[in-house]
Every structure is written in structure tokens, then in C-alpha cells.
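Read through the structure below, which is laid out as C-alpha cells, and then see the notes.
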Amino acid sequence: MRFSVLASGSKGNACYIETDETRILIDSGLSCKELIRRLQIIGKKSIRLDALIITHEHSDHIKGVGPVARHFDIPVLVNQATLKKCRKILGNISKPIIIHTGQAITIQDLVIETFTKCHDAADPIGMIISSNGSRLGLVTDLGRSTRMVEEHLRGCQGLIIEFNHDQVMLEQGPYPLDLKRRVKGQDGHLSNDQAGRLLKAVSHKGLTKVILAHLSEVNNLPEKAFQVAKEVLSGCSLNDTEILISQQHYPMEMVEI
């Protein structure tokens with residue numbers, strides 16, 4: 001399995017995943033034009049896509065879904081509560097497929113396990129994407145970890161995990177008080193320290209890639225997030241596990257697990 005985080009942050013999110021048989025997108029908070037441009041940057045020109053899966057209805061995850069689905073003529077997989085919230089933004093999509101949180105979805109040689117997570121959206125989901133024994137966990141936009149989240153993320157070779165903010169930078173930063181409360185609330189976003197604790201809970205010897213995602217451009221620094229992740233992995237004797245940082249304005253290189 002190979003993947004790239006095409007964009008990650010409050011201005012737009014999208015992730016591309018492929019196997020030899022299947023190519024999917026998770027979220028599209030980018031315009032169709034920009035999404036295609038980023039796919040081209042990672043070497044995916046004139047690409048065929050098989051599906052687009054929506055994690056939740058916030059605009060930085062769905063604002064490009066409708067145009068992308070129509071351009072590539074692909075089905076959009078979404079749970080009922082999320083679809084109800086974002087139907088107007090999506091516009092006319094010809095192939096909506098309703099999924100149920102907790103359901104495992106099979107798309108050719110990919111299996112996508114979905115699970116509920118804590119975020120201020122209608123029915124937000126995290127995912128485990130697996131194929132031929134490889135497992136990739138995707139959990140961003142997470143206010144707090146839970147036993148369910150940890151149970152699903154254990155055993156993954158790759159993790160895309162939210163390291164949203166440094167708590168001191170958030171508290172001393174320019175956000176208004178109500179937004180600060182939302183971000184650090186139980187249905188908001190993970191701080192570096194919270195993400196570090198989650199990473200520690202699910203780390204194991206088979207974990208080879210950790211991608212730090214959804215870093216705030218205002219309330220975090222890549223080096224702060226990296227240092228927390230590095231200390232956690234070192235404490236778990238996982239010094240060979242590679243740490244990558246996804247970006248808002250440029251796609252991450254393709255990664256294989």
C-alpha cells in the first residue's frame with residue numbers, strides 16, 4: 001500500500017491511497033483543480049480513482065468533494081448524518097453510497113474499517129485502511145483519544161495522527177477565547193502532548209511510519225510536534241520508525257508500507 005497526504009490543516013485536507021488495484025481519496029477540502037495539481041506533483045497524471053470517502057462534514061474536508069466526484073465520476077462514501085449536514089455543499093453527486101460508522105467497507109483489494117471518534121461534527125469517523133496485511137491508521141480532527149480509538153490503531157504499520165497544537169502557543173496565541181476553548185475541548189483537536197500519549201499507547205515494533213498531521217499554522221511548530229513524537233518513539237525503543245510531517249500547502253511524498 002502506498003499513500004500521500006495531499007494537504008493537511010485548517011485550510012484543506014485530502015489523502016490519496018493506492019494499491020496495485022485500487023486508488024481512493026479520503027476527504028477533499030481542496031478545489032478540484034488544486035487536488036489534480038497535487039496529484040500530478042506526486043506523479044499521478046491522468047489518474048483513475050475508484051472512490052472518495054468523507055470523514056466528516058467540516059468545510060476543510062468536503063469543499064471540493066462535489067467537483068472532484070463529478071470530475072472523476074466516482075462514488076462518494078459517507079454516513080447518513082454527515083451527508084445530511086453537507087448535501088447542499090456537495091451538490092449533485094450521482095453515486096452517493098451510505099456507510100454506517102463501525103462498518104468495514106471493501107473496495108477491491110482495500111478494506112476500510114471505520115470507527116467513531118470525538119470531534120464536534122455530526123458523526124465523524126476514523127479509519128483503518130488495510131490491504132494484503134498492511135494497515136494504515138488515519139485519525140485526525142480528534143478532541144481526545146478513547147479506548148476504541150486505541151484498540152483500532154494498534155497493529156498498524158503506518159499512522160497518520162493529529163498533532164494539532166502546542167498548548168502554550170494556543171493559550172498565548174491570537175485566537176479568541178471561544179475558539180481556544182473549542183480547539184482544546186474534548187471534541188476539538190489533539191495537542192502535541194495528547195497526540196504523544198496516543199502514539200505511545202499504540203506503538204509497537206511493527207510501526208514503521210508515523211505522519212504528523214493537521215498541524216496548526218498559528219498554534220504549533222513542526223519542530224515542536226516532531227520532538228514530541230521522537231521522544232515517544234525513542235522511549236518505546238522505536239528509533240528506526242520514520243517520522244514525516246504533512247503540510248498544508250504541498251503534498252507529502254508517496255510513502256509505502
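As shown in the C-alpha cells, the chain order sets the letters A, B, ...; within each chain, residues go from 1, and ligands are also counted from 1 in the order they appear.
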
Leu190 of chain A environment, 10 Å, only C-alpha atoms, sequence neighbours closer than 5 positions dropped, as a PyMOL selection string: chain A and resi 140-145+161-167+183-185+195-196+198+214-215

Would you put the residues from that selection into a file with C-alpha atoms, as a PDB file, in the first residue's frame?
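Contents of out-v4.pdb, as written:
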```pdb
ATOM      1  CA  THR A 140      -7.184  13.490  12.677  1.00  0.00           C
ATOM      2  CA  ASP A 141      -9.722  16.033  13.939  1.00  0.00           C
ATOM      3  CA  LEU A 142      -9.785  14.314  17.296  1.00  0.00           C
ATOM      4  CA  GLY A 143     -10.628  16.045  20.565  1.00  0.00           C
ATOM      5  CA  ARG A 144      -9.492  13.204  22.791  1.00  0.00           C
ATOM      6  CA  SER A 145      -8.412   9.620  22.490  1.00  0.00           C
ATOM      7  CA  ILE A 161      -2.151  11.097  13.501  1.00  0.00           C
ATOM      8  CA  GLU A 162      -3.140  14.611  14.509  1.00  0.00           C
ATOM      9  CA  PHE A 163      -0.570  16.828  16.232  1.00  0.00           C
ATOM     10  CA  ASN A 164      -2.638  19.993  16.065  1.00  0.00           C
ATOM     11  CA  HIS A 165      -1.322  22.472  18.586  1.00  0.00           C
ATOM     12  CA  ASP A 166       1.216  23.293  21.236  1.00  0.00           C
ATOM     13  CA  GLN A 167      -0.828  24.058  24.338  1.00  0.00           C
ATOM     14  CA  VAL A 183      -9.734  23.662  19.906  1.00  0.00           C
ATOM     15  CA  LYS A 184      -8.614  22.297  23.273  1.00  0.00           C
ATOM     16  CA  GLY A 185     -12.033  20.907  24.204  1.00  0.00           C
ATOM     17  CA  ALA A 195      -1.060  13.045  20.476  1.00  0.00           C
ATOM     18  CA  GLY A 196       2.171  11.838  22.040  1.00  0.00           C
ATOM     19  CA  LEU A 198      -1.931   8.327  21.981  1.00  0.00           C
ATOM     20  CA  HIS A 214      -3.283  18.742  10.896  1.00  0.00           C
ATOM     21  CA  LEU A 215      -0.584  20.944  12.453  1.00  0.00           C
TER      22      LEU A 215
END
```

Sel. of strand (DSSP E) residues, segment 41-110 of chain A, as a ChimeraX atom specification: /A:51-53,76-79,96-99,104-107,110

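Take atom CA of Gln186 of chain A and atom CA of Ala121 of chain A: the distance between them is 12.2 Å.
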
Residue neighbourhood Gly64 of chain A, 10 Å, only C-alpha atoms, exclusion window fewer than 3 positions, as a PyMOL selection string: chain A and resi 12-14+27-35+59-61+67-69+89-90

Report as a Markdown table: every residue of segment 108-197 of chain A with an atom at most 6 Å from segment 203-211 of chain A, its closest pair of atoms, and their distance in Å to one decimal, counting only C-alpha atoms, with rows sorted by chain and ascending residue number.
```
| residue | atom | partner | partner_atom | distance |
| --- | --- | --- | --- | --- |
| A:Gln157 | CA | A:Leu207 | CA | 4.3 |
| A:Gly158 | CA | A:Lys209 | CA | 4.7 |
| A:Leu159 | CA | A:Val210 | CA | 4.9 |
| A:Ile160 | CA | A:Ile211 | CA | 4.7 |
```

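In terms of minimum interatomic distance to Glu21 of chain A, A:Met1 ranks closest within A:Met1, A:Ile125, A:Leu153, A:Val255, counting only C-alpha atoms.
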